[in-house]
Amino acid sequence: MDFTFSPEHKALRRMIRTFAENEIAPIAAEIDREHRVPMEVMRMLGETGLLGICFPQEYGGMGAGEAGYCILMEELGRFCTSTATNVGAHIGIGAMAIHLDGDEEQKRKYLTPLARGEQFAAFGLTESNAGSDAANINTRAVRDGDEWVINGGKIYITNGGYADIITIMAVTDPSRGARGGITAFIVETDWPGFEVAREEDKMGIRGTSTAELVFDDLRVPHENVLGKVGEGFVTFMKSLDMGRLTLGAACLGGAQAALDWSIDWTKTREQFGAQLAQKQSVQWMIADMATEVEALRSLVYRVAWLVDEGQPFTRLAAMCKLYGSEVASRAIDMALQIHGGLGYTRDFPVERAFRDARIAEIFEGTNEIQRIVIASRLFREHGVRISP
Amino acid sequence: MMRIVVPLRRVLDPAGIVAHRRLRRLFINREEYLIEPADHCALEVALRIKDDLGAEVVAVSGQPEPDDETLQRGLAMGADRAIYLSGEGFENADEAVMARALKAVIERLDGAALVIVGMTTLDTGQGQLGLRLAELLGWPQVTGAWSVEAADGRLEAVRRSGDTYVRVAADLPAVVTVPACALKPRYPDGVRLINVYRGEAGMAESLEEWDAADLLTVEEQAPLFESRGRDFPVERERGTRVEGTAKEAGMAVAEALRQRLRR
């Protein structure tokens with residue numbers, strides 16, 4: 001057993017933290033207030049190579065593995081949930097689908113500029129009737145010679161408003177459903193027939209783009225089929241497994257930030273003639289937060305290690321997302337309680353963190369879906385098959 | 001190709017230190033080292049010259065182990081070679097010894113066009129390295145340069161003089177010192193960072209270790225600087241708060257200054 005980070009991962013964390021402190025922390029409140037995606041930060045992240053952190057160097061990536069990617073998401077999550085979300089949608093699901101199932105030509109053409117941050121990616125799964133029930137999509141793709149003609153649309157697509165490349169899922173054989181009837185495609189957003197219909201106005205993660213997309217006779221060349229025809233559902237579920245782990249890492253960062261803010265505040269704030277830190281009621285809250293943060297850290301980096309070792313991790317990735325989002329929400333809720341009235345104002349980052357944290361219990365599969373994934377995998381190991 | 005030597009020193013991250021005046025002790029809560037901020041800027045100046053004109057940037061460090069982090073960070077930022085000076089007795093090297101060692105390094109490298117070094121250190125506030133090195137080499141020096149351009153055997157630098165900036169020139173080879181706030185150093189390149197730590201893509205060969213004993217005699221390694229312990233400076237006299245309107249407060253401050261002058 002070895003629970004230490006390698007020197008390269010320590011150096012990577014130091015680099016990312018310095019970047020986040022200098023470039024992200026100063027604008028985190030502003031992008032939330034102005035409902036603006038910080039494209040300047042995304043471009044700088046690309047220049048430093050961080051947007052290709054887990055992809056192989058031969059495709060423009062850094063080759064730092066899943067553990068390196070979790071470090072990136074944890075550090076971004078500490079300073080700005082919006083930036084972590086933008087990066088997570090780009091690397092963790094959008095480009096990840098091409099990394100996992102793209103052929104050599106697709107990786108050269110699409111993954112390389114995405115890993116270098118020259119282009120940005122999104123992941124198009126959710127539709128108005130298909131979120132948690134992902135196989136129930138209505139977007140249709142019909143073969144026409146060497147092309148596919150896609151009609152339909154997607155909603156709540158993170159990065160959808162500015163992405164250059166979107167991996168989408170469409171029905172190619174309605175009679176077969178998720179088992180052989182759904183295909184994944186790589187779509188360039190400047191192709192005719194692709195339209196961004198609207199941007200959502202959200203409660204939190206306001207520094208992100210969440211868009212509704214419409215496909216109207218969108219023609220996609222056959223070479224842009226991602227993986228095999230009919231196996232797109234598997235490609236998307238594999239990408240989501242990766243995304244769930246790193247969403248857990250971003251939640252770890254958010255929970256750690258809540259703990260750090262709380263410790264700082266309880267050292268400074270005095271009531272009844274003593275620091276808040278001297279009050280047992282506050283000490284217990286801090287102790288509970290710290291314990292959950294450490295438990296989450298152990299889970300996240302253990303699963304990252306499993307991924308880097310090529311071992312199965314689907315059930316544990318669902319646990320990272322489920323536990324991570326709940327730990328972050330609890331920690332930030334306690335931080336708000338500790339900060340009192342001041343924490344409720346926009347002068348302190350706790351208020352923003354509170355709004356930002358809630359989405360983690362919903363997107364990339366609601367926490368109810370994560371419980372289904374965990375339970376179904378567990379029961380399958382015991383010979384019981386359950387359906388959602 | 002022009003060769004630029006950049007000495008890189010390390011300094012304890014001040015964010016990890018708490019000074020407890022009453023106990024007269026320094027508490028090191030987190031022992032992490034930074035590249036000396038002025039040296040960090042010096043490396044950025046060198047890398048910008050490399051970006052513009054092409055140059056070989058050689059980072060040199062001679063501090064007690066574990067020092068590899070300083071040089072690895074330098075390589076990740078874009079330095080072409082990194083030389084770690086090791087050796088028994090060398091860990092006590094002060095700026096006088098380091099200047100002698102750098103002179104020997106430059107001779108062994110078959111010369112350099114420029115040495116760019118941080119003007120002062122964050123911890124001890126010393127600023128002798130660049131000056132001593134220029135003296136030993138017999139090269140011209142530009143101190144406190146905010147930007148440097150080098151071409152055709154000449155360098156031009158902008159330095160601060162009183163309230164203004166002046167442009168100065170010198171023949172190469174030369175020594176330039178750079179203040180800590182001169183410019184914003186670049187972030188390490190992620191791919192280089194990973195390769196440096198893994199020793200891949202030729203990075204293992206870029207990090208060299210030279211024995212200081214091959215460069216300096218035992219006498220030359222003797223430091224001038226002797227450490228006799230640490231103490232806190234005398235506590236400053238506390239100020240007093242003046243009340244009232246701006247005019248009344250201004251009058252009170254003027255009166256206090258007058259009293260002080262009379263004392």
# chains A, B, ... in the order shown; residues from 1 in each chain; ligands from 1
>>> interface_residues(of="chain A", to="chain B", cutoff="6 Å", atoms="only C-alpha atoms", output="compact mmCIF listing (two decimals) with C-alpha atoms, in the first residue's frame")
# COMPACT_ATOMS: atom_id res chain seq x y z
CA GLU A 8 5.39 14.54 -10.71
CA THR A 48 -0.12 25.21 -20.37
CA GLY A 49 -1.21 21.79 -21.65
CA MET A 62 0.20 15.65 -21.18
>>> select_by_dssp(residues="region 185-302 of chain A", states="helix (DSSP H, G or I)", output="VMD selection string")
chain A and resid 222 to 224 232 to 268 276 to 278 280 to 302
>>> residues_around(residues="region 99-109 of chain A", least_positions_apart="2", cutoff="8 Å", atoms="only C-alpha atoms", output="VMD selection string")
chain A and resid 55 59 95 to 97 111 to 113 224 226 to 227 235 238 to 239
>>> closest_residue(among="A:Trp305, A:Phe272, A:Phe185, A:Phe348", to="Ala258 (chain A)", atoms="only C-alpha atoms")
A:Phe348
>>> atom_distance(atom1="CA of Ala163 (chain A)", atom2="CA of Ala121 (chain A)")
5.0 Å
>>> closest_residue(among="A:Ile93, A:Ile386, A:Ile165, A:Ala211", to="Glu199 (chain A)", atoms="only C-alpha atoms")
A:Ala211
>>> select_by_dssp(residues="region 25-120 of chain B", states="strand (DSSP E)", output="list in words")
Arg25, Leu26, Phe27, Ile28, Tyr33, Leu34, Ile35, Glu56, Val57, Val58, Ala59, Val60, Ser61, Arg81, Ala82, Ile83, Tyr84, Leu85, Ser86, Leu114, Val115, Ile116, Val117 and Gly118 of chain B
>>> write_last_selection(atoms="N, CA and C atoms", output="PDB file, in the first residue's frame")
ATOM      1  N   ARG B  25      10.375  32.988  18.093  1.00  0.00           N
ATOM      2  CA  ARG B  25      10.608  31.775  17.298  1.00  0.00           C
ATOM      3  C   ARG B  25       9.894  31.861  15.953  1.00  0.00           C
ATOM      4  N   LEU B  26      10.468  31.157  14.982  1.00  0.00           N
ATOM      5  CA  LEU B  26       9.810  30.983  13.685  1.00  0.00           C
ATOM      6  C   LEU B  26       9.217  29.587  13.666  1.00  0.00           C
ATOM      7  N   PHE B  27       7.941  29.495  13.342  1.00  0.00           N
ATOM      8  CA  PHE B  27       7.323  28.175  13.210  1.00  0.00           C
ATOM      9  C   PHE B  27       7.175  27.860  11.729  1.00  0.00           C
ATOM     10  N   ILE B  28       7.793  26.755  11.304  1.00  0.00           N
ATOM     11  CA  ILE B  28       7.668  26.344   9.901  1.00  0.00           C
ATOM     12  C   ILE B  28       6.563  25.293   9.849  1.00  0.00           C
ATOM     13  N   TYR B  33       9.423  24.815  -0.813  1.00  0.00           N
ATOM     14  CA  TYR B  33      10.344  25.795  -1.368  1.00  0.00           C
ATOM     15  C   TYR B  33       9.836  26.349  -2.696  1.00  0.00           C
ATOM     16  N   LEU B  34      10.116  27.632  -2.902  1.00  0.00           N
ATOM     17  CA  LEU B  34       9.805  28.288  -4.166  1.00  0.00           C
ATOM     18  C   LEU B  34      11.126  28.555  -4.874  1.00  0.00           C
ATOM     19  N   ILE B  35      11.055  28.752  -6.190  1.00  0.00           N
ATOM     20  CA  ILE B  35      12.211  29.342  -6.856  1.00  0.00           C
ATOM     21  C   ILE B  35      12.273  30.782  -6.351  1.00  0.00           C
ATOM     22  N   GLU B  56      20.516  29.019 -25.861  1.00  0.00           N
ATOM     23  CA  GLU B  56      20.534  27.872 -24.957  1.00  0.00           C
ATOM     24  C   GLU B  56      20.495  28.418 -23.537  1.00  0.00           C
ATOM     25  N   VAL B  57      19.452  28.071 -22.811  1.00  0.00           N
ATOM     26  CA  VAL B  57      19.326  28.566 -21.438  1.00  0.00           C
ATOM     27  C   VAL B  57      19.758  27.462 -20.481  1.00  0.00           C
ATOM     28  N   VAL B  58      20.760  27.773 -19.658  1.00  0.00           N
ATOM     29  CA  VAL B  58      21.305  26.791 -18.722  1.00  0.00           C
ATOM     30  C   VAL B  58      20.994  27.263 -17.303  1.00  0.00           C
ATOM     31  N   ALA B  59      20.205  26.488 -16.584  1.00  0.00           N
ATOM     32  CA  ALA B  59      19.893  26.829 -15.191  1.00  0.00           C
ATOM     33  C   ALA B  59      20.911  26.132 -14.291  1.00  0.00           C
ATOM     34  N   VAL B  60      21.394  26.848 -13.273  1.00  0.00           N
ATOM     35  CA  VAL B  60      22.397  26.281 -12.379  1.00  0.00           C
ATOM     36  C   VAL B  60      21.931  26.471 -10.941  1.00  0.00           C
ATOM     37  N   SER B  61      22.029  25.416 -10.157  1.00  0.00           N
ATOM     38  CA  SER B  61      21.646  25.541  -8.756  1.00  0.00           C
ATOM     39  C   SER B  61      22.662  24.805  -7.902  1.00  0.00           C
ATOM     40  N   ARG B  81      19.085  23.165 -20.313  1.00  0.00           N
ATOM     41  CA  ARG B  81      19.942  22.320 -19.480  1.00  0.00           C
ATOM     42  C   ARG B  81      19.817  22.793 -18.045  1.00  0.00           C
ATOM     43  N   ALA B  82      20.040  21.865 -17.122  1.00  0.00           N
ATOM     44  CA  ALA B  82      20.024  22.232 -15.707  1.00  0.00           C
ATOM     45  C   ALA B  82      21.206  21.548 -15.047  1.00  0.00           C
ATOM     46  N   ILE B  83      22.001  22.328 -14.337  1.00  0.00           N
ATOM     47  CA  ILE B  83      23.204  21.773 -13.699  1.00  0.00           C
ATOM     48  C   ILE B  83      23.068  21.930 -12.186  1.00  0.00           C
ATOM     49  N   TYR B  84      23.135  20.814 -11.504  1.00  0.00           N
ATOM     50  CA  TYR B  84      23.072  20.839 -10.041  1.00  0.00           C
ATOM     51  C   TYR B  84      24.484  20.666  -9.498  1.00  0.00           C
ATOM     52  N   LEU B  85      24.929  21.635  -8.731  1.00  0.00           N
ATOM     53  CA  LEU B  85      26.275  21.576  -8.146  1.00  0.00           C
ATOM     54  C   LEU B  85      26.162  20.920  -6.776  1.00  0.00           C
ATOM     55  N   SER B  86      26.802  19.767  -6.632  1.00  0.00           N
ATOM     56  CA  SER B  86      26.703  19.055  -5.358  1.00  0.00           C
ATOM     57  C   SER B  86      28.105  18.935  -4.755  1.00  0.00           C
ATOM     58  N   LEU B 114      25.569  35.659 -21.654  1.00  0.00           N
ATOM     59  CA  LEU B 114      24.837  36.411 -20.631  1.00  0.00           C
ATOM     60  C   LEU B 114      24.680  35.569 -19.372  1.00  0.00           C
ATOM     61  N   VAL B 115      24.782  36.234 -18.225  1.00  0.00           N
ATOM     62  CA  VAL B 115      24.325  35.612 -16.987  1.00  0.00           C
ATOM     63  C   VAL B 115      23.203  36.512 -16.476  1.00  0.00           C
ATOM     64  N   ILE B 116      22.045  35.933 -16.273  1.00  0.00           N
ATOM     65  CA  ILE B 116      20.915  36.722 -15.753  1.00  0.00           C
ATOM     66  C   ILE B 116      20.555  36.146 -14.395  1.00  0.00           C
ATOM     67  N   VAL B 117      20.538  37.006 -13.378  1.00  0.00           N
ATOM     68  CA  VAL B 117      20.372  36.532 -12.004  1.00  0.00           C
ATOM     69  C   VAL B 117      19.444  37.472 -11.232  1.00  0.00           C
ATOM     70  N   GLY B 118      18.748  36.915 -10.259  1.00  0.00           N
ATOM     71  CA  GLY B 118      17.863  37.724  -9.424  1.00  0.00           C
ATOM     72  C   GLY B 118      18.656  38.769  -8.652  1.00  0.00           C
TER      73      GLY B 118
END
>>> atom_distance(atom1="CA of Ala360 (chain A)", atom2="CA of Leu125 (chain A)")
16.8 Å
>>> closest_atom_pairs(of="region 179-249 of chain B", to="region 131-151 of chain B", cutoff="12 Å", atoms="only C-alpha atoms", output="CSV")
residue,atom,partner,partner_atom,distance
B:Pro179,CA,B:Gly144,CA,5.5
B:Ala180,CA,B:Gly144,CA,9.3
B:Cys181,CA,B:Trp146,CA,8.3
B:Ala182,CA,B:Trp146,CA,4.8
B:Leu183,CA,B:Trp146,CA,7.2
B:Lys184,CA,B:Trp146,CA,11.0
>>> write_last_selection(atoms="N, CA and C atoms", output="PDB file, in the first residue's frame")
ATOM      1  N   PRO B 179      15.038  42.489 -10.824  1.00  0.00           N
ATOM      2  CA  PRO B 179      14.269  42.516  -9.568  1.00  0.00           C
ATOM      3  C   PRO B 179      13.090  41.534  -9.610  1.00  0.00           C
ATOM      4  N   ALA B 180      12.581  41.214  -8.431  1.00  0.00           N
ATOM      5  CA  ALA B 180      11.546  40.171  -8.317  1.00  0.00           C
ATOM      6  C   ALA B 180      10.241  40.562  -8.998  1.00  0.00           C
ATOM      7  N   CYS B 181       9.980  41.848  -9.082  1.00  0.00           N
ATOM      8  CA  CYS B 181       8.683  42.273  -9.607  1.00  0.00           C
ATOM      9  C   CYS B 181       8.770  42.659 -11.079  1.00  0.00           C
ATOM     10  N   ALA B 182       9.879  42.321 -11.754  1.00  0.00           N
ATOM     11  CA  ALA B 182      10.111  42.840 -13.104  1.00  0.00           C
ATOM     12  C   ALA B 182       9.046  42.400 -14.095  1.00  0.00           C
ATOM     13  N   LEU B 183       8.660  41.150 -14.047  1.00  0.00           N
ATOM     14  CA  LEU B 183       7.683  40.652 -15.015  1.00  0.00           C
ATOM     15  C   LEU B 183       7.072  39.374 -14.483  1.00  0.00           C
ATOM     16  N   LYS B 184       6.033  38.907 -15.147  1.00  0.00           N
ATOM     17  CA  LYS B 184       5.328  37.726 -14.657  1.00  0.00           C
ATOM     18  C   LYS B 184       5.929  36.480 -15.299  1.00  0.00           C
TER      19      LYS B 184
END
>>> closest_residue(among="A:Thr83, A:Ser329, A:Gln57, A:Ser132", to="Pro388 (chain A)", atoms="only C-alpha atoms")
A:Ser132
>>> decode(residues="region 113-126 of chain A", atoms="N, CA and C atoms", output="short mmCIF file (atom, residue, chain, number, x, y, z; two decimals), in the first residue's frame")
data_model
loop_
_atom_site.label_atom_id
_atom_site.label_comp_id
_atom_site.auth_asym_id
_atom_site.auth_seq_id
_atom_site.Cartn_x
_atom_site.Cartn_y
_atom_site.Cartn_z
N PRO A 113 -6.33 18.65 -31.36
CA PRO A 113 -6.59 20.07 -31.06
C PRO A 113 -7.37 20.29 -29.75
N LEU A 114 -8.18 19.29 -29.36
CA LEU A 114 -8.91 19.42 -28.09
C LEU A 114 -7.93 19.32 -26.92
N ALA A 115 -6.99 18.38 -27.02
CA ALA A 115 -6.02 18.20 -25.93
C ALA A 115 -5.11 19.42 -25.81
N ARG A 116 -4.85 20.08 -26.93
CA ARG A 116 -4.00 21.27 -26.90
C ARG A 116 -4.78 22.53 -26.52
N GLY A 117 -6.09 22.39 -26.39
CA GLY A 117 -6.91 23.55 -26.04
C GLY A 117 -7.10 24.51 -27.20
N GLU A 118 -6.84 24.04 -28.42
CA GLU A 118 -7.07 24.89 -29.60
C GLU A 118 -8.54 24.88 -29.97
N GLN A 119 -9.24 23.82 -29.57
CA GLN A 119 -10.68 23.73 -29.78
C GLN A 119 -11.31 23.24 -28.47
N PHE A 120 -12.63 23.44 -28.34
CA PHE A 120 -13.31 23.03 -27.12
C PHE A 120 -14.40 22.02 -27.44
N ALA A 121 -14.65 21.13 -26.47
CA ALA A 121 -15.57 20.02 -26.70
C ALA A 121 -16.76 20.07 -25.76
N ALA A 122 -17.85 19.43 -26.20
CA ALA A 122 -19.01 19.21 -25.35
C ALA A 122 -19.53 17.80 -25.61
N PHE A 123 -20.52 17.40 -24.81
CA PHE A 123 -20.99 16.02 -24.81
C PHE A 123 -22.51 16.08 -24.86
N GLY A 124 -23.09 15.60 -25.96
CA GLY A 124 -24.53 15.78 -26.14
C GLY A 124 -25.32 14.51 -25.92
N LEU A 125 -25.88 14.38 -24.72
CA LEU A 125 -26.67 13.20 -24.41
C LEU A 125 -28.12 13.59 -24.09
N THR A 126 -28.28 14.52 -23.13
CA THR A 126 -29.60 14.77 -22.55
C THR A 126 -30.58 15.37 -23.56
#
